[in-house]
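**Student:** The following block contains the structure, expressed as structure tokens.
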Amino acid sequence: MKKWYAVIGDPIAQSMSPAMHDEWFAANEMDASYIPIHVTAERLEEAVGSLRTLGCSGWNVTVPHKQAIIPFLDRLDASAELMNAVNTVRVEADGSLVGFNTDGRGFVRALEESCGKHPGEGKVLLVGAGGAARGIAFALHAAGYGPLSITNRTLEKARSIAVGLPNASSLTITEAESSLSNFKLIVQTTTVGMHFAQHGMPFNPNRLAEEAIVADIIYNPLETEFLENARANGAETMNGIGMFVHQGALAFETWTGTYPNTKKMIEKITTILG
Ligand code: ATR
């Protein structure tokens with residue numbers, strides 16, 4: 001029987017996930033489809049019950065439900081447990097619902113695909129300390145990167161991520177700016193520079209190490225002011241499309257056991273947004 005998958009969120013109309021997963025199902029000759037469903041916060045529990053009753057095989061969870069969905073699931077895997085947030089749900093054969101989080105690992109896969117390899121030894125600076133930063137911090141640590149420094153406008157939030165990780169520390173934005181040349185990899189995870197959010201940069205990346213790699217998890221616009229400045233200062237840069245595609249690819253693999261073609265998808269989305 002044809003399987004179906006979904007993404008739930010509010011808003012949801014702008015999501016590129018349905019087109020991405022539908023293309024992967026077709027490319028892998030799988031009889032399945034993927035639909036966007038607008039679910040408001042008040043109706044989340046009801047929506048989860050309906051998805052289960054109507055035979056959905058799995059779904060993605062986006063803003064604002066990544067934490068709120070947890071009480072309605074039967075269990076979490078280690079990544080979702082660690083991040084206390086879920087972006088992927090798989091419905092098991094017995095009907096139970098398992099929550100996963102592929103955001104952080106998606107970032108690491110994108111980085112390694114983009115660099116062609118593990119970027120190797122060197123200090124890593126994470127800018128921002130929200131939900132996205134937390135996932136990326138744990139995934140970078142698990143993949144053997146570090147030592148890790150976390151900087152954030154609100155220092156306390158950077159500290160709260162750093163204390164949970166060996167080999168991690170927090171520093172103020174001013175400290176990060178003045179020690180920028182010590183970092184091999186810099187990852188921008190704040191919302192600064194996002195379309196329709198705030199313009200500008202969380203700080204100026206003008207004292208970079210030679211051969212620094214600078215990543216921004218924002219993909220709309222394709223190049224934030226931060227990334228543009230980093231590139232002008234000689235860094236190899238990576239925007240957020242890779243992370244978006246790989247978090248989706250990991251969800252696809254969680255449901256089907258197959259890792260889909262990410263390179264073609266990154267090119268396609270880059271063209272659409274370009
Ligand atoms: P997400 O889940 O996408 O990471 P979030 O949890 O709302 O989103 O986190 C947003 C991040 O962007 C935080 O690090 C936030 O800094 P604060 O913790 O100080 O709020 C950062 N951020 C948002 N607006 C900012 C701004 N104008 N300047 C600097 N940092 C900003």
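Naming works like this for the structure tokens: A, B, ... for the chains as they're shown, residue 1 at the start of each chain, ligands 1 onward in shown order.
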Enumerate residues in contact with ligand 1: an atom-to-atom distance of at most 10 Å, counting only C-alpha atoms and all ligand atoms. Format the result as a ChimeraX atom specification.

**Tutor:** /A:63-64,66,85,126-136,150-158,173,188-194,197-203,217-218

**Student:** Considering only C-alpha atoms, return as a PDB file with N, CA and C atoms, in the first residue's frame whatever protein or nucleic-acid residues lie within 12 Å of Lys263 (chain A), sequence-local ones (same chain, fewer than 3 positions apart) excluded.

**Tutor:**
```
ATOM      1  N   TRP A  24      12.772  12.638  -3.784  1.00  0.00           N
ATOM      2  CA  TRP A  24      13.575  11.492  -3.348  1.00  0.00           C
ATOM      3  C   TRP A  24      12.768  10.183  -3.440  1.00  0.00           C
ATOM      4  N   ARG A 109      27.099  16.409   8.474  1.00  0.00           N
ATOM      5  CA  ARG A 109      27.159  15.769   7.149  1.00  0.00           C
ATOM      6  C   ARG A 109      27.376  16.797   6.050  1.00  0.00           C
ATOM      7  N   ALA A 110      26.664  17.932   6.157  1.00  0.00           N
ATOM      8  CA  ALA A 110      26.784  18.980   5.137  1.00  0.00           C
ATOM      9  C   ALA A 110      28.200  19.536   5.116  1.00  0.00           C
ATOM     10  N   GLU A 113      30.480  16.987   3.532  1.00  0.00           N
ATOM     11  CA  GLU A 113      30.255  16.886   2.085  1.00  0.00           C
ATOM     12  C   GLU A 113      30.850  18.121   1.389  1.00  0.00           C
ATOM     13  N   SER A 114      30.644  19.270   1.999  1.00  0.00           N
ATOM     14  CA  SER A 114      31.107  20.518   1.394  1.00  0.00           C
ATOM     15  C   SER A 114      32.635  20.619   1.382  1.00  0.00           C
ATOM     16  N   GLY A 116      34.609  18.010   1.587  1.00  0.00           N
ATOM     17  CA  GLY A 116      35.153  16.795   0.987  1.00  0.00           C
ATOM     18  C   GLY A 116      35.791  15.880   2.016  1.00  0.00           C
ATOM     19  N   ILE A 241      21.994  25.644   3.199  1.00  0.00           N
ATOM     20  CA  ILE A 241      21.221  24.697   2.369  1.00  0.00           C
ATOM     21  C   ILE A 241      21.651  23.256   2.640  1.00  0.00           C
ATOM     22  N   GLY A 242      22.956  23.053   2.780  1.00  0.00           N
ATOM     23  CA  GLY A 242      23.460  21.698   3.023  1.00  0.00           C
ATOM     24  C   GLY A 242      22.866  21.096   4.292  1.00  0.00           C
ATOM     25  N   MET A 243      22.791  21.906   5.347  1.00  0.00           N
ATOM     26  CA  MET A 243      22.232  21.397   6.602  1.00  0.00           C
ATOM     27  C   MET A 243      20.750  21.058   6.428  1.00  0.00           C
ATOM     28  N   VAL A 245      19.188  20.186   3.685  1.00  0.00           N
ATOM     29  CA  VAL A 245      19.028  18.986   2.848  1.00  0.00           C
ATOM     30  C   VAL A 245      19.453  17.731   3.630  1.00  0.00           C
ATOM     31  N   HIS A 246      20.558  17.807   4.357  1.00  0.00           N
ATOM     32  CA  HIS A 246      21.024  16.610   5.080  1.00  0.00           C
ATOM     33  C   HIS A 246      20.147  16.262   6.281  1.00  0.00           C
ATOM     34  N   ALA A 249      17.594  14.392   4.587  1.00  0.00           N
ATOM     35  CA  ALA A 249      18.102  13.099   4.113  1.00  0.00           C
ATOM     36  C   ALA A 249      18.197  12.104   5.271  1.00  0.00           C
ATOM     37  N   TYR A 259      19.748   6.408   2.109  1.00  0.00           N
ATOM     38  CA  TYR A 259      20.220   7.799   2.144  1.00  0.00           C
ATOM     39  C   TYR A 259      20.113   8.367   0.735  1.00  0.00           C
ATOM     40  N   PRO A 260      19.281   9.390   0.536  1.00  0.00           N
ATOM     41  CA  PRO A 260      19.036   9.880  -0.833  1.00  0.00           C
ATOM     42  C   PRO A 260      20.165  10.757  -1.357  1.00  0.00           C
ATOM     43  N   ILE A 266      20.900  19.825  -3.247  1.00  0.00           N
ATOM     44  CA  ILE A 266      21.498  21.111  -2.838  1.00  0.00           C
ATOM     45  C   ILE A 266      21.588  22.042  -4.052  1.00  0.00           C
ATOM     46  N   GLU A 267      22.003  21.478  -5.193  1.00  0.00           N
ATOM     47  CA  GLU A 267      22.101  22.289  -6.414  1.00  0.00           C
ATOM     48  C   GLU A 267      20.729  22.831  -6.809  1.00  0.00           C
ATOM     49  N   LYS A 268      19.731  21.963  -6.711  1.00  0.00           N
ATOM     50  CA  LYS A 268      18.390  22.355  -7.133  1.00  0.00           C
ATOM     51  C   LYS A 268      17.840  23.490  -6.256  1.00  0.00           C
ATOM     52  N   ILE A 269      17.978  23.331  -4.940  1.00  0.00           N
ATOM     53  CA  ILE A 269      17.444  24.357  -4.033  1.00  0.00           C
ATOM     54  C   ILE A 269      18.234  25.661  -4.178  1.00  0.00           C
ATOM     55  N   THR A 270      19.535  25.536  -4.406  1.00  0.00           N
ATOM     56  CA  THR A 270      20.357  26.740  -4.611  1.00  0.00           C
ATOM     57  C   THR A 270      19.839  27.503  -5.843  1.00  0.00           C
TER      58      THR A 270
END
```

**Student:** Considering only alpha helix (DSSP H) as DSSP defines it on the backbone, what residues of region 71-180 of chain A qualify? List them as JSON, numbers by chain.

**Tutor:** {"A": [78, 79, 80, 81, 82, 83, 103, 104, 105, 106, 107, 108, 109, 110, 111, 112, 113, 114, 115, 131, 132, 133, 134, 135, 136, 137, 138, 139, 140, 141, 142, 155, 156, 157, 158, 159, 160, 161, 162, 173, 174, 175, 176, 177, 178]}

**Student:** Which residue, A:His141, A:Arg231, A:Lys2, A:His38, has the smallest gap to Arg105 (chain A) when you use only C-alpha atoms?

**Tutor:**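 Of A:His141, A:Arg231, A:Lys2, A:His38, the one nearest Arg105 (chain A) is A:His141, counting only C-alpha atoms.
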
**Student:** For each of A:Val163, A:Ala142, A:Ala13, A:Val39, take the minimum atom-to-atom distance to Ile69 (chain A), counting only C-alpha atoms, then give the residue where this is smallest.

**Tutor:**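 When distances to Ile69 (chain A) are compared using only C-alpha atoms, the smallest one comes from A:Val39.
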
**Student:** Here is a test: counting only C-alpha atoms, which residue of A:Leu185, A:Ile161, A:Ile35, A:Cys56 is nearest to Trp255 (chain A)?

**Tutor:** A:Cys56

**Student:** Name the closest residue to Ile8 (chain A) among the candidates A:Thr88, A:Asn229, A:Asn28, A:Ser33; distances are taken between atoms, counting only C-alpha atoms.

**Tutor:**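 Residue with the minimum atom-to-atom distance to Ile8 (chain A): A:Thr88.
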
**Student:** Need the shell around region 74-80 of chain A: protein/DNA/RNA residues with any atom at most 8 Å away, counting only C-alpha atoms. Skip same-chain ones fewer than 6 positions apart. Format as a ChimeraX atom specification?

**Tutor:** /A:86,96-102

**Student:** For the residues selected in the previous step, produce a file with C-alpha atoms as an mmCIF file, in the first residue's frame.

**Tutor:**
```cif
data_model
loop_
_atom_site.group_PDB
_atom_site.id
_atom_site.type_symbol
_atom_site.label_atom_id
_atom_site.label_comp_id
_atom_site.auth_asym_id
_atom_site.auth_seq_id
_atom_site.Cartn_x
_atom_site.Cartn_y
_atom_site.Cartn_z
ATOM 1 C CA VAL A 86 12.281 16.503 17.875
ATOM 2 C CA SER A 96 4.384 3.502 18.657
ATOM 3 C CA LEU A 97 5.851 6.925 17.907
ATOM 4 C CA VAL A 98 9.593 7.522 18.178
ATOM 5 C CA GLY A 99 11.124 11.020 18.071
ATOM 6 C CA PHE A 100 14.531 11.779 16.511
ATOM 7 C CA ASN A 101 16.526 14.929 15.926
ATOM 8 C CA THR A 102 18.549 15.077 12.715
#
```

**Student:** For Thr271 (chain A), which residue out of A:Leu222, A:Asn206, A:Glu177, A:Glu112 is the nearest one, using only C-alpha atoms?

**Tutor:**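 Using only C-alpha atoms, the shortest distance to Thr271 (chain A) belongs to A:Leu222.
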
**Student:** Write out as an mmCIF file with N, CA and C atoms, in the first residue's frame which residues come within 12 Å of Ile213 (chain A) when counting only C-alpha atoms, dropping same-chain ones fewer than 4 positions away.

**Tutor:**
```cif
data_model
loop_
_atom_site.group_PDB
_atom_site.id
_atom_site.type_symbol
_atom_site.label_atom_id
_atom_site.label_comp_id
_atom_site.auth_asym_id
_atom_site.auth_seq_id
_atom_site.Cartn_x
_atom_site.Cartn_y
_atom_site.Cartn_z
ATOM 1 N N LEU A 111 28.749 19.736 6.291
ATOM 2 C CA LEU A 111 30.104 20.278 6.405
ATOM 3 C C LEU A 111 31.096 19.341 5.739
ATOM 4 N N GLU A 112 30.950 18.045 6.033
ATOM 5 C CA GLU A 112 31.919 17.089 5.502
ATOM 6 C C GLU A 112 31.736 16.892 3.997
ATOM 7 N N SER A 114 30.644 19.270 1.999
ATOM 8 C CA SER A 114 31.107 20.518 1.394
ATOM 9 C C SER A 114 32.635 20.619 1.382
ATOM 10 N N CYS A 115 33.271 20.147 2.479
ATOM 11 C CA CYS A 115 34.742 20.221 2.545
ATOM 12 C C CYS A 115 35.390 19.017 1.901
ATOM 13 N N HIS A 118 36.568 15.446 6.740
ATOM 14 C CA HIS A 118 36.541 16.003 8.085
ATOM 15 C C HIS A 118 37.523 17.176 8.073
ATOM 16 N N PRO A 119 37.107 18.400 8.434
ATOM 17 C CA PRO A 119 38.041 19.521 8.374
ATOM 18 C C PRO A 119 39.250 19.381 9.306
ATOM 19 N N GLY A 120 39.284 18.343 10.110
ATOM 20 C CA GLY A 120 40.498 18.050 10.876
ATOM 21 C C GLY A 120 40.587 18.772 12.200
ATOM 22 N N GLY A 122 41.465 21.354 15.169
ATOM 23 C CA GLY A 122 41.380 22.813 15.227
ATOM 24 C C GLY A 122 40.237 23.251 16.093
ATOM 25 N N LYS A 123 40.341 24.471 16.586
ATOM 26 C CA LYS A 123 39.303 24.979 17.474
ATOM 27 C C LYS A 123 38.071 25.391 16.684
ATOM 28 N N VAL A 124 36.927 25.175 17.306
ATOM 29 C CA VAL A 124 35.655 25.489 16.654
ATOM 30 C C VAL A 124 34.937 26.567 17.468
ATOM 31 N N LEU A 125 34.418 27.579 16.777
ATOM 32 C CA LEU A 125 33.633 28.620 17.444
ATOM 33 C C LEU A 125 32.189 28.530 16.972
ATOM 34 N N LEU A 180 39.458 35.636 17.203
ATOM 35 C CA LEU A 180 38.906 34.949 16.026
ATOM 36 C C LEU A 180 39.946 34.152 15.232
ATOM 37 N N SER A 181 41.168 34.655 15.196
ATOM 38 C CA SER A 181 42.188 33.989 14.377
ATOM 39 C C SER A 181 42.624 32.643 14.957
ATOM 40 N N ASN A 182 42.147 32.298 16.175
ATOM 41 C CA ASN A 182 42.487 30.986 16.751
ATOM 42 C C ASN A 182 41.594 29.867 16.219
ATOM 43 N N PHE A 183 40.510 30.252 15.517
ATOM 44 C CA PHE A 183 39.520 29.231 15.163
ATOM 45 C C PHE A 183 39.641 28.761 13.718
ATOM 46 N N LYS A 184 39.570 27.449 13.586
ATOM 47 C CA LYS A 184 39.653 26.837 12.260
ATOM 48 C C LYS A 184 38.271 26.805 11.599
ATOM 49 N N LEU A 185 37.257 26.589 12.453
ATOM 50 C CA LEU A 185 35.878 26.488 11.948
ATOM 51 C C LEU A 185 34.986 27.407 12.774
ATOM 52 N N ILE A 186 34.183 28.223 12.090
ATOM 53 C CA ILE A 186 33.267 29.136 12.776
ATOM 54 C C ILE A 186 31.856 28.874 12.244
ATOM 55 N N VAL A 187 30.922 28.648 13.158
ATOM 56 C CA VAL A 187 29.567 28.288 12.741
ATOM 57 C C VAL A 187 28.577 29.309 13.291
ATOM 58 N N GLN A 188 27.904 30.011 12.398
ATOM 59 C CA GLN A 188 26.959 31.066 12.764
ATOM 60 C C GLN A 188 25.561 30.458 12.864
ATOM 61 N N PRO A 205 33.416 39.240 11.127
ATOM 62 C CA PRO A 205 34.432 38.189 10.966
ATOM 63 C C PRO A 205 35.633 38.701 10.174
ATOM 64 N N LEU A 208 40.081 36.676 10.669
ATOM 65 C CA LEU A 208 40.032 35.214 10.552
ATOM 66 C C LEU A 208 41.417 34.616 10.363
ATOM 67 N N ALA A 209 41.523 33.333 10.772
ATOM 68 C CA ALA A 209 42.758 32.591 10.480
ATOM 69 C C ALA A 209 42.819 32.335 8.976
ATOM 70 N N LEU A 227 28.402 35.857 6.080
ATOM 71 C CA LEU A 227 29.110 34.945 5.184
ATOM 72 C C LEU A 227 29.846 35.731 4.083
ATOM 73 N N ALA A 230 32.923 37.099 5.596
ATOM 74 C CA ALA A 230 33.907 36.041 5.843
ATOM 75 C C ALA A 230 34.595 35.659 4.529
ATOM 76 N N ARG A 231 33.807 35.566 3.471
ATOM 77 C CA ARG A 231 34.372 35.207 2.151
ATOM 78 C C ARG A 231 35.319 36.296 1.674
ATOM 79 N N ASN A 233 37.025 38.085 3.477
ATOM 80 C CA ASN A 233 38.239 37.996 4.303
ATOM 81 C C ASN A 233 39.017 36.705 4.072
ATOM 82 N N GLY A 234 38.675 35.981 3.021
ATOM 83 C CA GLY A 234 39.489 34.837 2.612
ATOM 84 C C GLY A 234 39.014 33.478 3.091
ATOM 85 N N ALA A 235 37.871 33.412 3.779
ATOM 86 C CA ALA A 235 37.421 32.114 4.293
ATOM 87 C C ALA A 235 36.732 31.281 3.215
ATOM 88 N N GLU A 236 36.795 29.971 3.425
ATOM 89 C CA GLU A 236 35.954 29.059 2.643
ATOM 90 C C GLU A 236 34.593 29.105 3.337
ATOM 91 N N THR A 237 33.510 29.310 2.613
ATOM 92 C CA THR A 237 32.222 29.473 3.297
ATOM 93 C C THR A 237 31.200 28.417 2.869
ATOM 94 N N MET A 238 30.224 28.226 3.748
ATOM 95 C CA MET A 238 29.143 27.266 3.467
ATOM 96 C C MET A 238 27.838 27.854 4.004
ATOM 97 N N ASN A 239 26.810 27.900 3.167
ATOM 98 C CA ASN A 239 25.527 28.409 3.662
ATOM 99 C C ASN A 239 24.688 27.263 4.233
#
```

**Student:** Going by DSSP on the backbone, which bits of region 15-260 of chain A are strand (DSSP E or B)? Write them as a PyMOL selection string, please.

**Tutor:** chain A and resi 32-38+58-61+75-76+88-91+97-100+122-127+146+148-151+168-171+183-188+192+198+213-216+236-238

**Student:** Those residues you just picked out, can you put them in a file as a compact mmCIF listing (two decimals), in the first residue's frame with C-alpha atoms?

**Tutor:**
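Saved file out.txt follows:
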```txt
# COMPACT_ATOMS: atom_id res chain seq x y z
CA ALA A 32 5.08 7.18 -1.16
CA SER A 33 4.17 10.84 -0.87
CA TYR A 34 4.79 13.69 1.56
CA ILE A 35 2.40 16.50 2.46
CA PRO A 36 2.57 19.77 4.41
CA ILE A 37 -0.01 20.08 7.22
CA HIS A 38 -0.73 23.33 8.98
CA GLY A 58 6.37 9.30 9.74
CA TRP A 59 6.57 13.07 9.81
CA ASN A 60 8.84 16.04 10.27
CA VAL A 61 8.18 18.59 12.97
CA ARG A 75 9.94 7.47 23.18
CA LEU A 76 12.91 9.50 21.99
CA THR A 88 11.48 13.68 12.89
CA VAL A 89 8.90 11.11 14.05
CA ARG A 90 8.86 7.49 12.92
CA VAL A 91 5.80 5.30 13.37
CA LEU A 97 5.85 6.93 17.91
CA VAL A 98 9.59 7.52 18.18
CA GLY A 99 11.12 11.02 18.07
CA PHE A 100 14.53 11.78 16.51
CA GLY A 122 41.38 22.81 15.23
CA LYS A 123 39.30 24.98 17.47
CA VAL A 124 35.66 25.49 16.65
CA LEU A 125 33.63 28.62 17.44
CA LEU A 126 29.88 28.36 17.64
CA VAL A 127 28.06 31.69 17.43
CA GLY A 146 36.80 20.46 19.04
CA LEU A 148 34.52 23.95 21.10
CA SER A 149 33.96 27.57 22.17
CA ILE A 150 30.45 28.99 22.29
CA THR A 151 29.69 32.69 22.14
CA ALA A 168 33.80 23.10 25.60
CA SER A 169 33.82 26.64 26.97
CA SER A 170 31.87 29.86 26.62
CA LEU A 171 33.14 33.34 25.80
CA PHE A 183 39.52 29.23 15.16
CA LYS A 184 39.65 26.84 12.26
CA LEU A 185 35.88 26.49 11.95
CA ILE A 186 33.27 29.14 12.78
CA VAL A 187 29.57 28.29 12.74
CA GLN A 188 26.96 31.07 12.76
CA VAL A 192 20.77 37.56 12.61
CA GLN A 198 17.15 41.07 11.57
CA ILE A 213 36.02 27.63 7.26
CA VAL A 214 32.96 29.74 8.04
CA ALA A 215 29.47 28.26 7.98
CA ASP A 216 26.10 29.95 8.41
CA GLU A 236 35.95 29.06 2.64
CA THR A 237 32.22 29.47 3.30
CA MET A 238 29.14 27.27 3.47
```

**Student:** So which one's closest to Glu42 (chain A), A:Ile272, A:Ala26, A:Ile12, A:Ala68? Using only C-alpha atoms, please.

**Tutor:**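 Checking each candidate against Glu42 (chain A), we get A:Ala68 as the closest.
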